[in-house]
file final-v9.txt (compact mmCIF, C-alpha atoms)
# COMPACT_ATOMS: atom_id res chain seq x y z
CA MET A 1 89.13 69.14 83.64
CA ALA A 2 88.11 69.98 87.20
CA ALA A 3 90.88 70.95 89.56
CA GLU A 4 91.83 68.32 92.10
CA SER A 5 90.57 69.18 95.61
CA CYS A 6 93.09 69.69 98.40
CA LEU A 7 91.52 66.74 100.27
CA THR A 8 92.06 64.44 97.31
CA ALA A 9 95.59 65.76 96.86
CA ASN A 10 96.19 65.32 100.62
CA ASP A 11 97.67 68.81 100.99
CA TRP A 12 99.00 70.04 104.32
CA ILE A 13 96.93 73.24 104.13
CA CYS A 14 93.35 72.58 103.09
CA GLY A 15 90.41 74.93 103.52
CA GLU A 16 88.04 72.19 102.44
CA TYR A 17 89.10 70.15 105.46
CA LEU A 18 88.17 73.03 107.77
CA ARG A 19 84.76 73.38 106.09
CA THR A 20 83.87 69.70 106.11
CA ARG A 21 85.34 68.72 109.48
CA GLY A 22 84.45 71.82 111.51
CA GLN A 23 82.19 69.91 113.93
CA GLU A 24 84.85 67.28 114.55
CA LEU A 25 87.49 69.93 115.22
CA THR A 26 85.16 71.82 117.57
CA GLU A 27 84.33 68.71 119.60
CA ALA A 28 88.00 67.72 119.87
CA THR A 29 88.95 71.25 120.94
CA VAL A 30 86.21 71.38 123.59
CA GLU A 31 87.33 68.01 124.97
CA HIS A 32 90.95 69.19 124.98
CA VAL A 33 90.08 72.36 126.89
CA GLY A 34 87.87 70.46 129.34
CA ILE A 35 90.55 67.92 130.18
CA THR A 36 93.18 70.65 130.54
CA VAL A 37 91.07 72.86 132.81
CA ALA A 38 89.97 69.95 135.02
CA SER A 39 93.54 68.65 135.34
CA VAL A 40 95.05 72.03 136.25
CA LEU A 41 92.32 72.95 138.75
CA ILE A 42 92.49 69.59 140.51
CA GLY A 43 96.28 69.75 140.46
CA LEU A 44 96.18 73.21 142.04
CA ALA A 45 93.74 72.02 144.72
CA ILE A 46 96.15 69.20 145.64
CA ALA A 47 99.39 71.16 145.24
CA PHE A 48 98.38 74.00 147.54
CA PRO A 49 97.97 71.93 150.74
CA LEU A 50 101.08 69.92 149.84
CA ALA A 51 103.09 73.14 149.56
CA LEU A 52 101.68 74.36 152.88
CA LEU A 53 102.64 71.05 154.48
CA ALA A 54 106.18 71.26 153.10
CA ARG A 55 106.48 74.86 154.29
CA SER A 56 105.12 74.28 157.82
CA ARG A 57 106.85 70.91 158.34
CA PRO A 58 110.38 71.07 156.90
CA ALA A 59 110.79 67.33 157.48
CA PHE A 60 108.08 66.72 154.85
CA ALA A 61 109.57 69.10 152.27
CA GLY A 62 112.08 66.58 150.92
CA PRO A 63 109.60 63.70 150.54
CA VAL A 64 106.89 65.92 149.01
CA LEU A 65 109.24 67.50 146.45
CA GLY A 66 110.95 64.18 145.79
CA LEU A 67 107.67 62.32 145.21
CA THR A 68 106.22 64.96 142.88
CA THR A 69 109.48 65.03 140.91
CA LEU A 70 109.48 61.23 140.68
CA LEU A 71 105.92 61.26 139.32
CA TYR A 72 106.99 63.64 136.55
CA THR A 73 109.73 61.25 135.44
CA ILE A 74 107.33 58.34 134.84
CA PRO A 75 106.74 57.88 131.09
CA SER A 76 103.16 58.59 130.03
CA LEU A 77 102.58 55.05 128.74
CA ALA A 78 103.71 53.59 132.06
CA MET A 79 101.65 56.14 134.01
CA PHE A 80 98.46 55.31 132.13
CA SER A 81 99.15 51.58 132.45
CA LEU A 82 99.45 51.92 136.23
CA LEU A 83 96.22 53.91 136.45
CA LEU A 84 94.27 51.77 133.97
CA PRO A 85 93.08 49.11 136.48
CA VAL A 86 91.57 51.87 138.64
CA PHE A 87 89.99 54.19 136.06
CA GLY A 88 89.63 52.08 132.93
CA LEU A 89 89.62 53.67 129.48
CA SER A 90 88.03 56.93 130.56
CA ALA A 91 88.67 60.66 130.68
CA ALA A 92 89.32 60.24 134.42
CA LEU A 93 92.38 58.15 133.55
CA VAL A 94 93.85 60.98 131.48
CA VAL A 95 92.90 63.70 133.98
CA THR A 96 94.46 61.79 136.88
CA GLY A 97 97.70 61.28 134.98
CA LEU A 98 97.87 64.95 134.04
CA VAL A 99 97.13 66.01 137.61
CA LEU A 100 100.07 63.94 138.84
CA TYR A 101 102.34 65.46 136.21
CA SER A 102 101.28 69.02 137.11
CA LEU A 103 102.17 68.64 140.80
CA THR A 104 105.91 69.03 140.20
CA ILE A 105 105.55 72.51 138.76
CA LEU A 106 102.71 73.69 141.00
CA VAL A 107 104.07 72.51 144.36
CA ARG A 108 107.54 73.95 143.72
CA ASN A 109 106.26 77.34 142.60
CA ILE A 110 103.72 77.69 145.40
CA LEU A 111 106.37 76.75 147.95
CA ALA A 112 108.92 79.10 146.40
CA GLY A 113 106.42 81.95 146.42
CA LEU A 114 105.49 81.44 150.07
CA GLU A 115 109.12 81.14 151.17
CA ALA A 116 109.97 84.38 149.34
CA VAL A 117 107.54 86.42 151.45
CA PRO A 118 109.68 88.92 153.44
CA ALA A 119 110.01 88.13 157.13
CA GLU A 120 109.23 91.79 157.91
CA ALA A 121 105.80 91.39 156.32
CA ARG A 122 105.03 88.43 158.55
CA GLU A 123 106.29 90.24 161.65
CA ALA A 124 104.18 93.29 160.84
CA ALA A 125 101.11 91.10 160.38
CA ARG A 126 101.72 89.36 163.71
CA GLY A 127 102.11 92.75 165.38
CA MET A 128 98.70 93.72 164.02
CA GLY A 129 97.16 90.61 165.55
CA TYR A 130 96.90 88.45 162.41
CA GLY A 131 96.47 84.74 163.08
CA PRO A 132 98.09 82.07 160.86
CA LEU A 133 95.08 81.64 158.56
CA ARG A 134 94.43 85.35 158.12
CA MET A 135 98.13 85.97 157.53
CA LEU A 136 98.18 83.28 154.85
CA TRP A 137 95.21 84.64 152.90
CA GLU A 138 95.73 88.38 153.37
CA VAL A 139 99.52 88.71 153.50
CA GLU A 140 101.50 85.67 152.35
CA LEU A 141 99.37 84.47 149.45
CA PRO A 142 99.01 87.90 147.80
CA LEU A 143 102.79 88.43 148.00
CA ALA A 144 103.41 84.90 146.68
CA LEU A 145 100.90 85.34 143.86
CA PRO A 146 103.41 86.22 141.10
CA ALA A 147 105.33 82.97 141.69
CA VAL A 148 102.09 80.99 142.04
CA MET A 149 100.71 82.40 138.79
CA ALA A 150 104.00 81.72 137.01
CA GLY A 151 103.74 78.09 138.08
CA LEU A 152 100.09 77.95 137.04
CA ARG A 153 100.97 79.29 133.60
CA MET A 154 103.75 76.73 133.12
CA ALA A 155 101.56 73.90 134.36
CA THR A 156 98.70 74.93 132.06
CA VAL A 157 100.85 75.17 128.94
CA SER A 158 102.50 71.86 129.81
CA THR A 159 99.10 70.23 130.35
CA VAL A 160 97.79 71.49 127.00
CA ALA A 161 100.69 69.66 125.36
CA LEU A 162 100.46 66.55 127.53
CA THR A 163 96.71 66.19 126.97
CA THR A 164 97.49 64.94 123.47
CA ILE A 165 99.02 61.84 125.09
CA GLY A 166 95.47 60.86 126.03
CA ALA A 167 95.17 59.67 122.43
CA LEU A 168 96.76 56.46 123.74
CA VAL A 169 93.38 55.65 125.30
CA GLY A 170 91.18 57.60 122.88
CA ARG A 171 90.73 60.56 125.25
CA GLY A 172 93.26 63.04 123.96
CA GLY A 173 91.11 65.81 122.49
CA LEU A 174 93.06 67.20 119.57
CA GLY A 175 95.63 64.48 120.19
CA ASP A 176 93.11 61.94 118.88
CA LEU A 177 92.98 63.80 115.57
CA ILE A 178 96.76 64.08 115.41
CA ASP A 179 97.20 60.37 116.12
CA ASP A 180 94.53 59.37 113.61
CA GLY A 181 96.02 61.71 111.01
CA VAL A 182 99.50 60.26 111.50
CA GLN A 183 98.19 56.71 111.22
CA THR A 184 96.34 57.50 107.98
CA THR A 185 98.86 60.06 106.67
CA PHE A 186 96.08 62.67 106.59
CA LYS A 187 98.27 65.76 106.36
CA ALA A 188 95.63 68.47 106.75
CA GLN A 189 94.26 66.85 109.89
CA VAL A 190 97.70 66.50 111.49
CA LEU A 191 98.67 70.11 110.75
CA THR A 192 95.32 71.65 111.71
CA ALA A 193 95.06 69.80 115.03
CA SER A 194 98.70 70.58 115.85
CA VAL A 195 98.23 74.28 115.12
CA LEU A 196 95.11 74.34 117.29
CA CYS A 197 97.10 72.80 120.17
CA VAL A 198 99.71 75.54 119.86
CA LEU A 199 97.01 78.22 119.73
CA LEU A 200 95.33 76.79 122.83
CA ALA A 201 98.61 76.94 124.73
CA VAL A 202 99.27 80.54 123.63
CA VAL A 203 95.73 81.70 124.43
CA ALA A 204 95.76 79.99 127.84
CA ASP A 205 99.10 81.58 128.71
CA LEU A 206 97.92 85.05 127.65
CA LEU A 207 94.67 84.71 129.62
CA LEU A 208 96.54 83.67 132.76
CA LEU A 209 99.07 86.45 132.25
CA GLY A 210 96.19 88.91 132.04
CA LEU A 211 94.69 87.43 135.21
CA GLN A 212 98.04 87.72 136.95
CA ARG A 213 98.34 91.40 136.02
CA LEU A 214 94.78 91.99 137.21
CA LEU A 215 95.41 90.30 140.57
CA THR A 216 98.82 91.91 141.18
CA PRO A 217 98.45 95.61 140.27
CA TRP A 218 101.26 96.55 142.67
CA THR A 219 103.83 94.83 140.45
CA ARG A 220 102.95 97.20 137.58
CA ILE A 221 103.22 100.20 139.90
CA ARG A 222 106.66 98.99 141.03
CA VAL A 223 107.82 98.56 137.44
CA ARG A 224 106.60 102.05 136.45
CA ALA A 225 108.28 103.55 139.53
CA GLY A 226 111.53 101.82 138.58
CA VAL A 227 111.33 103.15 135.04
CA ALA A 228 110.58 106.65 136.27

call {"tool": "encode", "arguments": {"input": "final-v9.txt", "output": "structure tokens"}}
result
Amino acid sequence: MAAESCLTANDWICGEYLRTRGQELTEATVEHVGITVASVLIGLAIAFPLALLARSRPAFAGPVLGLTTLLYTIPSLAMFSLLLPVFGLSAALVVTGLVLYSLTILVRNILAGLEAVPAEAREAARGMGYGPLRMLWEVELPLALPAVMAGLRMATVSTVALTTIGALVGRGGLGDLIDDGVQTTFKAQVLTASVLCVLLAVVADLLLLGLQRLLTPWTRIRVRAGVA
């Protein structure tokens, strides 16, 4: 009697599922990565000027931080429902929602990094004739980079997880497979898609950590000097 296949037995771990559904898994993973990258990059592009506004105009700091925090507290179902009349059932709906969720982390970390720049560094730059824009790009932003990158890492990992919520509108990448697997009690699909989500988050965090170390070599020098 032939052995029962893991698909027929509906096992949690099933190599046959990986072999027969490889294309489906690849497409879902690519969509997941695309939505995550777009959401984080757009969120960063919006968060940076908001943080600069809050830093340069203290009166705006409270409203900016309060609004971004309020957006993060809105349940995903309510958020997508509010955005649905504008974007319809599209990837733009999911990306916009994720961008709004990312602003809380990104704005706070960018602002914290800029405010942590030593006053002596700014004074030295002014004494050397640096204008506001040059000081921002050549002095303040490099010194704030560790905090900015920490926020970017948190926002990216959070977005990888939140992208699965896009399954509510059929645009959730791996979340679509998880939702479909739960609905049909397809164990191998649920486990495989969930593991891939975790791996994406870990890989994204490690890549950004590597980028952070590459962009901030002075932090490694400081650590080695402290150890020595």

call {"tool": "atom_distance", "arguments": {"input": "final-v9.txt", "atom1": "atom CA of Leu207 of chain A", "atom2": "atom CA of Thr192 of chain A"}}
result
22.2 Å

call {"tool": "closest_residue", "arguments": {"input": "final-v9.txt", "among": "A:Ala188, A:Ala193, A:Leu133, A:Val107", "to": "Ile13 of chain A", "atoms": "only C-alpha atoms"}}
result
A:Ala188

call {"tool": "closest_residue", "arguments": {"input": "final-v9.txt", "among": "A:Pro217, A:Gly210, A:Gly181, A:Gly97", "to": "Ile165 of chain A", "atoms": "only C-alpha atoms"}}
result
A:Gly97

call {"tool": "atom_distance", "arguments": {"input": "final-v9.txt", "atom1": "atom CA of Gly88 of chain A", "atom2": "atom CA of Leu106 of chain A"}}
result
26.5 Å

call {"tool": "residues_around", "arguments": {"input": "final-v9.txt", "residues": "segment 118-128 of chain A", "least_positions_apart": "3", "cutoff": "8 Å", "atoms": "only C-alpha atoms", "output": "number ranges by chain"}}
result
A: 131, 135, 139-140

call {"tool": "decode", "arguments": {"input": "final-v9.txt", "residues": "segment 24-42 of chain A", "atoms": "N, CA and C atoms", "output": "tab-separated table (two decimals), in the first residue's frame"}}
result
chain	number	residue	atom	x	y	z
A	24	GLU	N	3.84	29.86	-6.34
A	24	GLU	CA	2.89	30.63	-5.54
A	24	GLU	C	3.58	31.29	-4.35
A	25	LEU	N	4.47	30.55	-3.70
A	25	LEU	CA	5.21	31.09	-2.57
A	25	LEU	C	6.15	32.22	-3.01
A	26	THR	N	6.79	32.03	-4.16
A	26	THR	CA	7.70	33.06	-4.67
A	26	THR	C	6.94	34.35	-4.98
A	27	GLU	N	5.82	34.24	-5.66
A	27	GLU	CA	5.03	35.42	-6.02
A	27	GLU	C	4.53	36.15	-4.77
A	28	ALA	N	4.08	35.39	-3.78
A	28	ALA	CA	3.59	36.01	-2.54
A	28	ALA	C	4.73	36.70	-1.80
A	29	THR	N	5.91	36.08	-1.80
A	29	THR	CA	7.06	36.67	-1.12
A	29	THR	C	7.50	37.96	-1.81
A	30	VAL	N	7.55	37.94	-3.14
A	30	VAL	CA	7.93	39.13	-3.90
A	30	VAL	C	6.94	40.27	-3.63
A	31	GLU	N	5.65	39.96	-3.62
A	31	GLU	CA	4.64	40.99	-3.33
A	31	GLU	C	4.83	41.53	-1.91
A	32	HIS	N	5.11	40.64	-0.97
A	32	HIS	CA	5.29	41.04	0.42
A	32	HIS	C	6.48	42.00	0.55
A	33	VAL	N	7.59	41.64	-0.09
A	33	VAL	CA	8.78	42.48	-0.05
A	33	VAL	C	8.51	43.82	-0.72
A	34	GLY	N	7.84	43.79	-1.86
A	34	GLY	CA	7.55	45.03	-2.59
A	34	GLY	C	6.71	46.00	-1.78
A	35	ILE	N	5.66	45.48	-1.14
A	35	ILE	CA	4.79	46.33	-0.33
A	35	ILE	C	5.56	46.88	0.87
A	36	THR	N	6.37	46.04	1.49
A	36	THR	CA	7.15	46.48	2.65
A	36	THR	C	8.14	47.58	2.29
A	37	VAL	N	8.91	47.35	1.23
A	37	VAL	CA	9.92	48.33	0.82
A	37	VAL	C	9.27	49.66	0.43
A	38	ALA	N	8.20	49.60	-0.36
A	38	ALA	CA	7.52	50.83	-0.77
A	38	ALA	C	6.98	51.59	0.44
A	39	SER	N	6.38	50.87	1.37
A	39	SER	CA	5.79	51.51	2.56
A	39	SER	C	6.84	52.19	3.42
A	40	VAL	N	7.96	51.50	3.65
A	40	VAL	CA	9.01	52.05	4.51
A	40	VAL	C	9.69	53.25	3.85
A	41	LEU	N	9.97	53.16	2.55
A	41	LEU	CA	10.63	54.27	1.86
A	41	LEU	C	9.74	55.51	1.81
A	42	ILE	N	8.46	55.31	1.50
A	42	ILE	CA	7.54	56.45	1.48
A	42	ILE	C	7.37	57.01	2.88
